[in-house]
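Remarks on the structure that follows.
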Amino acid sequence: MKLFIKFDFQAVCNSVLEERLQALGIAYKIVGFGEVEFLQKLSEEKKHEFVEALQPYHIEIVEDQKSILVQKMKDVIIDMVYNADTEVHVKSSVYLSEKLGHSYGYLANLFSEVTYTSIENFIILQKIEYTKHLIIHENLSLTEIAFKLNYSSVAHLSTQFKKTTGITPSAFQRIIEKRRQQQN
């Protein structure tokens with residue numbers, strides 16, 4: 001038997017952080033996605049314990065200022081893609097600039113410098129991953145997915161999907177359907 005699990009990435013991460021912080025007796029406030037404010041000075045020993053407690057979940061502490069801003073960009077992009085239907089549809093460059101308070105040129109250069117890829121490529125990868133998730137778990141049509149992810153057309157979504165995965169979204173849907181039939 002196989003179960004499909006749907007989850008809210010942000011809620012899961014916040015739950016893990018809260019659980020670990022409470023277990024260590026650390027006073028905290030979750031400020032935003034991936035951002036924790038400590039309400040008291042943290043000793044190096046407590047900080048080390050916290051870092052160790054997060055390792056099994058593959059959660060890391062980011063301390064370099066450039067890396068912190070890049071991580072914030074990634075978090076904003078993931079939120080933008082996964083919650084696209086609840087946000088105002090604006091260009092991603094405008095959205096990132098407004099959310100992070102920096103010019104898009106600066107953000108794009110920094111992102112490329114730290115990750116060796118472009119913001120646009122990262123957005124495409126996130127959209128394709130979410131498209132796969134929607135095909136597998138939500139059983140949405142390609143038209144519905146294209147609209148939900150703010151694509152100009154199904155053809156545009158299909159082109160990006162094929163460039164990224166090597167197969168068309170329709171072929172991906174057929175593969176998923178075959179797997180479901182084989183499991184029953």
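Every chain in the structure tokens takes a letter, A first, then B, and so on in the order presented; its residues are numbered from 1, and the ligands are numbered from 1 following the presented order.
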
All alpha helix (DSSP H) residues (DSSP, backbone) inside range 27-147 of chain A, as number ranges by chain: A: 44-54, 65-82, 92-100, 104-115, 119-133, 142-147

Each residue of range 51-155 of chain A lying at most 8 Å from range 159-166 of chain A should get a row with its shortest atom-to-atom pair and the distance in Å to one decimal, counting only C-alpha atoms; could you produce that, ordered by chain and increasing number, as CSV?
```
residue,atom,partner,partner_atom,distance
A:Ile124,CA,A:Gln160,CA,7.3
A:Leu125,CA,A:Thr164,CA,7.3
A:Ile128,CA,A:Phe161,CA,5.9
A:Ala155,CA,A:Thr159,CA,6.1
```

Counting only C-alpha atoms, closest pick from A:Leu157, A:Leu54, A:Val31, A:Ala108 relative to Leu142 in chain A is A:Leu157

Using DSSP assignments from the backbone, pull out every residue in chain A that falls under strand (DSSP E) and give it to me as a list of chain:residue names.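 DSSP on the backbone gives strand (DSSP E) at A:Tyr28, A:Lys29, A:Ile30, A:Val31, A:Gly32, A:Glu35, A:Val36, A:Glu37, A:Phe38.
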
Counting only C-alpha atoms, the residue of A:Gln71, A:Ser93, A:Gln22, A:Gln40 that sits nearest Ala53 in chain A: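 Closest to Ala53 in chain A of all the choices is A:Gln22.
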
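Of the listed residues (A:Asn109, A:Thr131, A:Gln55, A:Ser97), A:Thr131 comes nearest to Phe147 in chain A; the distances count only C-alpha atoms.
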